[in-house]
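Shown next: data.txt, given as compact mmCIF, C-alpha atoms and all ligand atoms.
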# COMPACT_ATOMS: atom_id res chain seq x y z
CA MET A 241 86.44 -37.88 -57.89
CA LEU A 242 87.41 -41.25 -59.41
CA GLU A 243 88.76 -39.78 -62.62
CA THR A 244 89.11 -42.65 -65.08
CA THR A 245 92.11 -43.22 -67.29
CA VAL A 246 93.93 -45.96 -69.21
CA ALA A 247 97.35 -47.38 -68.40
CA GLY A 248 98.62 -47.71 -71.93
CA SER A 249 98.15 -48.75 -75.48
CA LEU A 250 94.97 -49.45 -77.45
CA PRO A 251 94.64 -51.73 -80.50
CA LYS A 252 95.70 -50.39 -83.88
CA PRO A 253 92.93 -50.45 -86.51
CA SER A 254 93.43 -53.33 -88.96
CA TRP A 255 94.13 -50.93 -91.85
CA LEU A 256 97.07 -49.47 -89.89
CA ALA A 257 98.74 -52.64 -88.55
CA GLU A 258 97.93 -56.32 -88.28
CA PRO A 259 95.40 -56.61 -85.44
CA GLU A 260 95.72 -58.68 -82.27
CA LYS A 261 99.47 -58.69 -82.54
CA LEU A 262 101.90 -56.83 -80.33
CA TRP A 263 104.40 -54.60 -82.12
CA ALA A 264 102.96 -55.40 -85.56
CA PRO A 265 104.64 -53.56 -88.44
CA TRP A 266 102.76 -50.78 -90.25
CA ARG A 267 100.52 -51.58 -93.20
CA LEU A 268 100.86 -48.08 -94.71
CA GLU A 269 103.83 -46.03 -95.85
CA GLY A 270 104.90 -42.42 -96.22
CA ASN A 271 102.21 -39.75 -96.05
CA GLU A 272 99.47 -42.37 -95.92
CA LEU A 273 101.06 -43.80 -92.78
CA GLU A 274 101.34 -40.40 -91.10
CA GLN A 275 97.69 -39.67 -91.89
CA GLY A 276 96.69 -43.17 -90.78
CA LYS A 277 98.31 -42.72 -87.36
CA ARG A 278 96.41 -39.47 -86.88
CA ASP A 279 93.11 -41.01 -87.95
CA ALA A 280 93.61 -43.92 -85.57
CA THR A 281 94.40 -41.50 -82.75
CA LEU A 282 91.13 -39.64 -83.39
CA ILE A 283 89.14 -42.88 -83.33
CA TRP A 284 90.56 -43.82 -79.94
CA LEU A 285 90.12 -40.35 -78.49
CA LYS A 286 86.45 -40.55 -79.40
CA GLU A 287 86.07 -44.12 -78.09
CA GLN A 288 87.72 -43.14 -74.80
CA GLU A 289 85.59 -40.06 -74.39
CA ASP A 290 82.38 -41.90 -75.27
CA ALA A 291 83.27 -44.57 -72.70
CA GLY A 292 83.59 -41.92 -70.00
CA ILE A 293 87.39 -41.96 -69.75
CA ASP A 294 88.35 -38.65 -68.13
CA ILE A 295 92.08 -38.69 -68.88
CA ALA A 296 92.53 -40.07 -72.40
CA SER A 297 95.80 -41.53 -73.60
CA GLY A 298 97.00 -40.03 -76.85
CA GLY A 299 100.33 -41.19 -78.19
CA GLU A 300 100.37 -44.92 -78.70
CA GLN A 301 98.88 -45.06 -82.20
CA PHE A 302 101.97 -43.23 -83.47
CA ARG A 303 104.48 -45.94 -82.61
CA VAL A 304 105.06 -49.66 -83.01
CA HIS A 305 106.86 -50.20 -79.69
CA PHE A 306 106.67 -48.14 -76.52
CA VAL A 307 110.44 -48.08 -75.98
CA HIS A 308 111.82 -48.16 -79.52
CA GLY A 309 109.32 -45.45 -80.51
CA PHE A 310 111.50 -43.16 -78.40
CA LEU A 311 114.91 -44.71 -78.99
CA GLU A 312 114.74 -44.69 -82.78
CA HIS A 313 114.88 -40.89 -82.62
CA CYS A 314 118.01 -40.82 -80.47
CA ASP A 315 121.67 -40.58 -81.42
CA GLY A 316 124.33 -42.75 -79.75
CA ILE A 317 122.62 -46.05 -80.62
CA ASP A 318 123.88 -48.56 -83.16
CA TRP A 319 120.82 -50.37 -84.53
CA ASP A 320 122.92 -52.80 -86.57
CA MET A 321 124.97 -53.89 -83.59
CA LYS A 322 122.51 -56.34 -82.08
CA THR A 323 123.24 -57.86 -78.70
CA LYS A 324 121.34 -60.88 -77.40
CA MET A 325 119.81 -59.96 -74.09
CA GLY A 326 117.43 -61.68 -71.69
CA ILE A 327 115.19 -58.75 -70.90
CA ARG A 328 112.87 -58.26 -67.91
CA ASP A 329 115.21 -60.55 -65.92
CA ASP A 330 115.39 -63.16 -68.72
CA ARG A 331 111.65 -63.38 -69.33
CA TYR A 332 112.24 -62.88 -73.06
CA VAL A 333 115.48 -63.23 -75.00
CA VAL A 334 115.67 -60.72 -77.85
CA ASP A 335 118.23 -59.05 -80.09
CA VAL A 336 118.52 -55.51 -78.86
CA PRO A 337 120.34 -52.51 -80.33
CA THR A 338 123.47 -51.26 -78.58
CA VAL A 339 124.41 -47.89 -77.09
CA THR A 340 127.83 -47.05 -78.51
CA GLY A 341 128.18 -43.33 -77.69
CA PRO A 342 126.66 -40.54 -75.60
CA VAL A 343 122.89 -40.52 -76.14
CA SER A 344 120.94 -37.48 -77.29
CA ARG A 345 117.62 -36.72 -79.02
CA LYS A 346 117.94 -35.87 -82.69
CA TYR A 347 114.95 -33.49 -82.37
CA PRO A 348 111.80 -33.11 -80.27
CA ILE A 349 110.31 -36.60 -80.65
CA HIS A 350 106.60 -36.43 -79.84
CA SER A 351 105.84 -32.69 -80.12
CA ASP A 352 104.11 -32.89 -83.50
CA GLU A 353 101.90 -35.71 -82.23
CA VAL A 354 100.81 -33.70 -79.21
CA ARG A 355 100.28 -30.56 -81.31
CA TYR A 356 97.88 -32.63 -83.39
CA VAL A 357 96.07 -34.47 -80.58
CA ARG A 358 95.72 -31.73 -77.96
CA PRO A 359 93.10 -29.55 -79.77
CA HIS A 360 91.01 -32.67 -80.51
CA ALA A 361 90.95 -33.90 -76.92
CA ALA A 362 87.89 -32.63 -75.07
CA ASN A 363 89.17 -33.68 -71.66
CA LYS A 364 92.52 -34.22 -70.02
CA LEU A 365 95.29 -35.80 -72.06
CA LYS A 366 97.92 -38.27 -70.95
CA PHE A 367 101.10 -39.06 -72.84
CA THR A 368 103.24 -42.08 -72.03
CA LEU A 369 107.03 -42.32 -72.26
CA PRO A 370 109.25 -45.29 -71.45
CA GLY A 371 110.92 -45.04 -68.04
CA PRO A 372 114.74 -44.84 -67.89
CA MET A 373 115.18 -48.22 -66.21
CA THR A 374 112.96 -50.00 -68.72
CA ILE A 375 114.90 -48.35 -71.56
CA CYS A 376 118.11 -49.74 -70.07
CA ASP A 377 116.52 -53.18 -69.96
CA THR A 378 115.66 -52.97 -73.66
CA ILE A 379 119.02 -51.87 -75.03
CA ALA A 380 122.61 -53.08 -74.54
CA ASN A 381 125.32 -50.85 -73.08
CA ALA A 382 128.71 -50.61 -74.78
CA HIS A 383 129.45 -47.02 -73.80
CA TYR A 384 128.53 -46.01 -70.24
CA ASP A 385 130.52 -47.28 -67.25
CA THR A 386 127.45 -48.70 -65.56
CA ARG A 387 123.78 -49.28 -66.26
CA PRO A 388 122.74 -46.64 -63.70
CA ASP A 389 124.94 -44.13 -65.58
CA MET A 390 123.15 -45.01 -68.81
CA ALA A 391 119.79 -44.70 -67.06
CA MET A 392 120.67 -41.19 -65.88
CA ALA A 393 121.69 -40.22 -69.42
CA PHE A 394 118.32 -41.39 -70.77
CA ALA A 395 116.51 -39.71 -67.86
CA GLU A 396 117.92 -36.40 -69.03
CA LEU A 397 116.55 -36.95 -72.56
CA LEU A 398 113.17 -37.99 -71.18
CA ASN A 399 113.12 -34.87 -69.04
CA GLU A 400 113.78 -32.60 -72.04
CA GLU A 401 111.06 -34.39 -73.97
CA ALA A 402 108.57 -34.29 -71.08
CA LYS A 403 109.07 -30.56 -70.57
CA GLU A 404 108.23 -29.91 -74.22
CA LEU A 405 105.10 -32.07 -74.04
CA GLU A 406 104.00 -30.33 -70.84
CA ALA A 407 104.41 -26.94 -72.57
CA LEU A 408 102.17 -28.20 -75.40
CA GLY A 409 99.35 -28.90 -72.95
CA VAL A 410 99.72 -32.52 -71.87
CA ASP A 411 98.07 -32.93 -68.46
CA THR A 412 99.74 -36.15 -67.35
CA ILE A 413 103.07 -37.65 -68.33
CA GLN A 414 103.32 -41.31 -67.47
CA PHE A 415 106.61 -43.17 -67.42
CA ASP A 416 106.22 -46.88 -68.12
CA GLU A 417 108.50 -48.95 -65.90
CA PRO A 418 107.55 -52.62 -66.30
CA ALA A 419 111.19 -53.36 -65.41
CA PHE A 420 110.54 -52.18 -61.84
CA ASN A 421 109.03 -55.44 -60.67
CA ALA A 422 111.57 -57.58 -62.49
CA PHE A 423 114.53 -55.81 -60.82
CA MET A 424 113.32 -54.95 -57.34
CA LYS A 425 116.78 -54.42 -55.82
CA GLU A 426 117.98 -52.19 -58.67
CA THR A 427 114.73 -50.23 -58.59
CA VAL A 428 115.41 -49.23 -55.00
CA GLU A 429 119.14 -48.68 -55.61
CA TRP A 430 118.92 -46.49 -58.73
CA GLY A 431 115.70 -46.96 -60.70
CA VAL A 432 113.67 -44.52 -58.62
CA ASP A 433 116.50 -41.94 -58.71
CA ALA A 434 116.52 -42.14 -62.51
CA LEU A 435 112.74 -41.75 -62.54
CA ASN A 436 113.00 -38.66 -60.32
CA ALA A 437 115.55 -37.24 -62.75
CA ALA A 438 113.17 -37.82 -65.67
CA ARG A 439 110.34 -35.90 -63.97
CA LYS A 440 112.52 -33.14 -62.49
CA GLY A 441 110.96 -29.68 -62.71
CA LEU A 442 107.71 -30.81 -64.36
CA LYS A 443 104.58 -29.04 -63.17
CA CYS A 444 102.07 -31.35 -64.85
CA THR A 445 100.87 -34.52 -63.17
CA THR A 446 103.38 -37.36 -63.41
CA ALA A 447 102.68 -41.08 -63.15
CA VAL A 448 104.63 -44.30 -63.20
CA HIS A 449 103.13 -47.49 -64.59
CA ILE A 450 104.39 -50.74 -63.14
CA CYS A 451 102.98 -54.01 -64.34
CA TYR A 452 103.18 -57.71 -64.90
CA GLY A 453 103.00 -57.14 -68.65
CA TYR A 454 100.67 -57.70 -71.56
CA GLY A 455 98.64 -60.90 -71.67
CA ILE A 456 101.14 -62.71 -73.89
CA LYS A 457 102.44 -66.24 -73.41
CA GLU A 458 105.87 -65.28 -71.97
CA ASN A 459 104.17 -63.22 -69.29
CA ILE A 460 101.49 -65.77 -68.53
CA ASP A 461 104.18 -68.47 -68.09
CA TRP A 462 106.24 -66.13 -65.89
CA LYS A 463 103.24 -65.32 -63.71
CA GLU A 464 102.82 -69.04 -63.05
CA THR A 465 106.25 -69.01 -61.36
CA LEU A 466 105.43 -66.16 -59.00
CA GLY A 467 103.45 -68.16 -56.47
CA SER A 468 100.01 -67.60 -55.05
CA GLU A 469 100.71 -64.07 -53.86
CA TRP A 470 102.58 -61.50 -55.94
CA ARG A 471 104.49 -59.51 -53.34
CA GLN A 472 107.11 -57.91 -55.64
CA TYR A 473 105.50 -54.52 -55.10
CA GLU A 474 106.20 -54.75 -51.39
CA GLU A 475 109.94 -54.34 -51.99
CA ILE A 476 109.65 -51.30 -54.23
CA PHE A 477 106.61 -49.39 -52.97
CA PRO A 478 108.35 -47.69 -50.03
CA ALA A 479 110.94 -46.22 -52.45
CA ILE A 480 108.23 -45.22 -54.91
CA ASN A 481 106.20 -43.64 -52.12
CA ASN A 482 109.25 -41.49 -51.34
CA SER A 483 109.72 -40.52 -55.01
CA ASP A 484 108.66 -37.26 -56.68
CA ILE A 485 106.08 -39.02 -58.88
CA ASP A 486 102.43 -38.11 -58.20
CA GLN A 487 100.62 -41.26 -59.33
CA VAL A 488 101.30 -44.99 -59.47
CA SER A 489 99.49 -47.28 -61.92
CA LEU A 490 99.13 -50.93 -60.98
CA GLU A 491 97.25 -54.14 -61.70
CA CYS A 492 94.45 -55.05 -59.35
CA ALA A 493 91.93 -56.94 -61.52
CA ASP A 494 92.43 -60.70 -61.59
CA SER A 495 96.00 -60.45 -60.40
CA ARG A 496 97.50 -62.06 -57.33
CA VAL A 497 98.75 -58.76 -55.95
CA PRO A 498 97.59 -58.53 -52.32
CA LEU A 499 95.60 -55.31 -52.32
CA GLU A 500 96.80 -54.29 -48.87
CA LEU A 501 100.19 -53.53 -50.47
CA ILE A 502 98.57 -50.41 -51.94
CA GLY A 503 98.62 -49.07 -48.40
CA LEU A 504 102.40 -48.62 -48.81
CA LEU A 505 101.66 -45.85 -51.34
CA LYS A 506 99.92 -43.61 -48.83
CA ASP A 507 101.31 -40.37 -50.29
CA LYS A 508 100.44 -41.16 -53.92
CA ASP A 509 97.39 -41.20 -56.16
CA VAL A 510 96.77 -44.78 -57.23
CA LEU A 511 95.65 -45.78 -60.71
CA VAL A 512 93.73 -48.91 -59.80
CA GLY A 513 93.87 -51.41 -62.65
CA ALA A 514 90.33 -52.76 -62.78
CA ILE A 515 90.46 -54.17 -66.32
CA ASP A 516 92.28 -57.44 -66.98
CA VAL A 517 94.24 -57.21 -70.24
CA ALA A 518 94.99 -60.96 -70.35
CA SER A 519 91.36 -62.00 -70.80
CA LEU A 520 89.02 -61.63 -73.76
CA ASP A 521 86.03 -61.52 -71.41
CA VAL A 522 84.68 -58.02 -71.07
CA GLU A 523 84.21 -57.16 -67.40
CA THR A 524 80.77 -56.19 -66.19
CA PRO A 525 80.50 -52.70 -64.66
CA GLU A 526 79.68 -54.47 -61.39
CA LYS A 527 82.92 -56.43 -61.48
CA VAL A 528 84.89 -53.22 -62.14
CA ALA A 529 83.05 -51.54 -59.27
CA ASP A 530 83.89 -54.46 -57.00
CA THR A 531 87.63 -54.26 -57.81
CA LEU A 532 87.61 -50.51 -57.19
CA THR A 533 85.71 -50.89 -53.93
CA ARG A 534 88.14 -53.54 -52.65
CA ALA A 535 91.13 -51.35 -53.55
CA MET A 536 89.53 -48.37 -51.81
CA GLU A 537 89.84 -50.18 -48.50
CA PHE A 538 93.52 -49.29 -48.79
CA VAL A 539 93.51 -46.02 -50.73
CA ASP A 540 91.36 -42.95 -50.16
CA PRO A 541 88.64 -42.50 -52.83
CA GLU A 542 90.03 -38.98 -53.38
CA ARG A 543 93.30 -40.60 -54.44
CA THR A 544 91.79 -43.39 -56.57
CA LEU A 545 91.78 -43.31 -60.38
CA PRO A 546 90.02 -46.25 -62.07
CA CYS A 547 92.29 -47.57 -64.80
CA THR A 548 93.21 -50.58 -66.95
CA ASN A 549 95.84 -53.08 -65.73
CA CYS A 550 98.12 -52.44 -68.70
CA GLY A 551 97.87 -51.78 -72.44
CA LEU A 552 94.93 -53.19 -74.41
CA ALA A 553 96.89 -53.31 -77.69
CA PRO A 554 96.86 -57.08 -78.38
CA LEU A 555 93.09 -57.40 -77.88
CA PRO A 556 90.44 -57.45 -80.62
CA ARG A 557 89.19 -53.92 -81.12
CA ASP A 558 85.58 -54.62 -80.04
CA VAL A 559 86.82 -56.27 -76.83
CA ALA A 560 89.02 -53.26 -76.06
CA VAL A 561 86.11 -50.86 -76.64
CA GLY A 562 83.89 -53.02 -74.42
CA LYS A 563 86.50 -52.95 -71.65
CA LEU A 564 86.78 -49.15 -71.84
CA GLN A 565 83.00 -48.89 -71.56
CA ALA A 566 82.99 -51.28 -68.59
CA LEU A 567 85.64 -49.15 -66.89
CA GLY A 568 83.64 -45.96 -67.38
CA ALA A 569 80.39 -47.56 -66.26
CA GLY A 570 81.99 -49.32 -63.28
CA ALA A 571 83.55 -46.08 -62.05
CA GLU A 572 80.16 -44.36 -62.39
CA LEU A 573 78.55 -47.08 -60.24
CA VAL A 574 81.07 -46.43 -57.47
CA ARG A 575 80.69 -42.65 -57.73
CA ASN A 576 76.93 -42.99 -57.33
CA LYS A 577 77.39 -45.21 -54.30
CA LEU A 578 79.75 -42.73 -52.69
CA LYS A 579 77.36 -39.78 -53.20
ZN ZN A 601 101.96 -52.52 -68.46

In C-alpha cells, what does this structure look like?
Amino acid sequence: MLETTVAGSLPKPSWLAEPEKLWAPWRLEGNELEQGKRDATLIWLKEQEDAGIDIASGGEQFRVHFVHGFLEHCDGIDWDMKTKMGIRDDRYVVDVPTVTGPVSRKYPIHSDEVRYVRPHAANKLKFTLPGPMTICDTIANAHYDTRPDMAMAFAELLNEEAKELEALGVDTIQFDEPAFNAFMKETVEWGVDALNAARKGLKCTTAVHICYGYGIKENIDWKETLGSEWRQYEEIFPAINNSDIDQVSLECADSRVPLELIGLLKDKDVLVGAIDVASLDVETPEKVADTLTRAMEFVDPERTLPCTNCGLAPLPRDVAVGKLQALGAGAELVRNKLK
C-alpha cells in the first residue's frame, strides 16, 4: 500500500549538464556523453531506492527536453522551419519546429535506455513519454488537416514505442500531459481520445501526469492569474475518469487545487503530489504525511501513490535528494498510522 513514485525528472549531475537550469545543453560529447547519461541514471536509481521510492523513474537523464527527446527521433518534422508559437495557451512564446509530412519513428527511440536501466533497477521501473496533446502544443502543424489529426498520428507512434518498452520490462508508462489543464475544452473534445490511442493494448500500468508546471518564473506568474482556487481539473477529470488510463498524477502540495476534486477520479489510482517542486525548502516527513492524509479523505488509501508534484530537474541536487527522502519517510509515517 502507498507505493511511492516520482512524477518526472531529476536534476542532471553538474558534469553532465549545467545544474539548476531547465533544458540545459550537455557538457559531454560522443561516447563520453552516452556513458555520462548512463552513469547519471545509475546515481538516481540508487538515490530513489535509498529514499524508499518504490517505482523509480528511469529515462529522464537521457534527454534534454521531455518532448523534443522523443520528437528529434521522428521523421516528418522540419527542425529548421521554426514557427513562433505561444505554447501552453500562450504561457511561453517559443520557436518550435514544424511538422511538414507524415510523422514516423526513425527507429525504436528509448529501447536501448530501458535495456540498460531495467537490470539495474531493484524495484519497479517507470518510463515517461510526452502525451500526444502536449506534443501538439510543442510543435507547429503544416501538414495535418487539424491538430486532433496530428495528435492521433503521434499517438500511434507513442503506442508503438510504449509497446516496445513494456516488452523490455517497464512496469509503468506515464504520459506527460501538462497541456491538459491549459486546454480544458480540447482535452475533453480530443485530448483524452488521443491519450487512449497512445495506451491502446498495453498491459503494463499506465499513468497520465497533469500539472501546473515546473517552478519557473513563467509558471509562477501564470499561477498568480488563476485565482484563489485552481478548479481547472474539475472540467477535465470526468473525461479522464472515463479514460483507459490507470493512474493520474497531480499536484497537491502547496497548490491551490481543492483536494475534493480528486473525488472525481473515483475509478483511478491517484499519484498524490506531496512534494512542492517550486520551493527550495525540503518538506518534513510530517508535512508530506499531512498532505497525503488530507488527500486520502477523497481517495482510498489502496488507490493512493505518494508522489512529487512534477519534475525536480531545476532544483539543486541536494535539495532534490532531500525531497525524495522526505517523500519516502512521509509515506512510511502514513503506512505506520494505517497499520
Ligand atoms: Zn509536471

Listed atoms of stretch 313-326 of chain A boxed along x, y and z, 5 Å each side, centre and edge lengths in Å, one decimal, as AutoDock Vina command-line options:
--center_x 119.9 --center_y -51.1 --center_z -79.1 --size_x 20.1 --size_y 31.1 --size_z 24.9

### Task
Set the cut-off to 9 Å, count only C-alpha atoms and all ligand atoms, and list whatever residues fall near ligand ZN 601 (chain A) as number ranges by chain.
A: 247-249, 416-418, 449-454, 489-491, 549-551

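Closest to A:Lys457 among A:Ala560, A:Val539, A:Leu573, A:Ala518 is A:Ala518, based on only C-alpha atoms.
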
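The closest residue to A:Val517, picked from A:Leu435, A:Leu564, A:Met536, A:Ile485 and counting all atoms listed in the file, is A:Leu564.
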
### Query
What separation in Å, quoted to one decimal, exists between atom CA of A:Trp470 and atom CA of A:Thr374?
20.1 Å

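Considering the residues A:Met325, A:Leu532, A:Met373, A:Val497 and counting all atoms listed in the file, A:Leu398 has its shortest atom-to-atom contact with A:Met373.
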
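Proximity of A:Ala553, A:Val333, A:Ile515, A:Val574 to A:Glu300, computed with all atoms listed in the file, is greatest for A:Ala553.
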
### Message
Applying 10 Å and all atoms listed in the file, which residues near A:Ala264 remain after dropping the ones on its own chain fewer than 6 positions away? List them as a count of residues only.
### Response
7

Could you list as a PDB file with C-alpha atoms, in the frame of the given file every residue that has an atom within 6 Å of (121.1, -56.8, -79.3), using the file's coordinates and counting all atoms listed in the file?
ATOM      1  CA  LYS A 322     122.510 -56.340 -82.080  1.00  0.00           C
ATOM      2  CA  THR A 323     123.240 -57.860 -78.700  1.00  0.00           C
ATOM      3  CA  LYS A 324     121.340 -60.880 -77.400  1.00  0.00           C
ATOM      4  CA  ASP A 335     118.230 -59.050 -80.090  1.00  0.00           C
ATOM      5  CA  VAL A 336     118.520 -55.510 -78.860  1.00  0.00           C
ATOM      6  CA  PRO A 337     120.340 -52.510 -80.330  1.00  0.00           C
TER       7      PRO A 337
END

### Task
Compute the distance from (106.7, -64.7, -69.8) to each atom, counting all atoms listed in the file, keep the residues with any atom at most 12 Å away, and return them as a PyMOL selection string; use the coordinates of the file.
chain A and resi 326-333+422+452-466

### Task
Point out the residue among A:His383, A:Gln414, A:Asp377, A:Val488 with the least atom-to-atom distance to A:Glu426, counting all atoms listed in the file.
A:Asp377

### Message
Give me the residues near A:Glu312 as a PyMOL selection string, where near means some atom within 12 Å (using only C-alpha atoms) and where sequence neighbours in that chain fewer than 2 positions away do not count.
### Response
chain A and resi 303-310+314-319+337-339+343-347+349-350+375+379

#### Entry: Polymer residues at most 8 Å from A:Phe477, only C-alpha atoms, same-chain spacing of 3 or more positions, as an NGL selection string
:A and (473-474 or 480-481 or 504-505)

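Computed from the coordinates, the atom CA of A:Leu285 to atom CA of A:Ala362 distance equals 8.7 Å.
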
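Taking only C-alpha atoms into account, A:Lys527 lies nearest to A:Cys492 out of the set A:Leu250, A:Met321, A:Ala382, A:Cys492.
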
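Straight-line separation from atom CA of A:Met392 to atom CA of A:Gly341: 14.2 Å.
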
#### Entry: Shell of 9 Å around A:Thr446, only C-alpha atoms, local chain residues under 4 positions omitted, as a ChimeraX atom specification
/A:411-415,439,442,484-488

### Task
Just the residues within 8 Å of A:Ala438, please, counting all atoms listed in the file, with nothing from its chain fewer than 4 positions along; format it as a ChimeraX atom specification.
/A:371-372,395-399,402,434
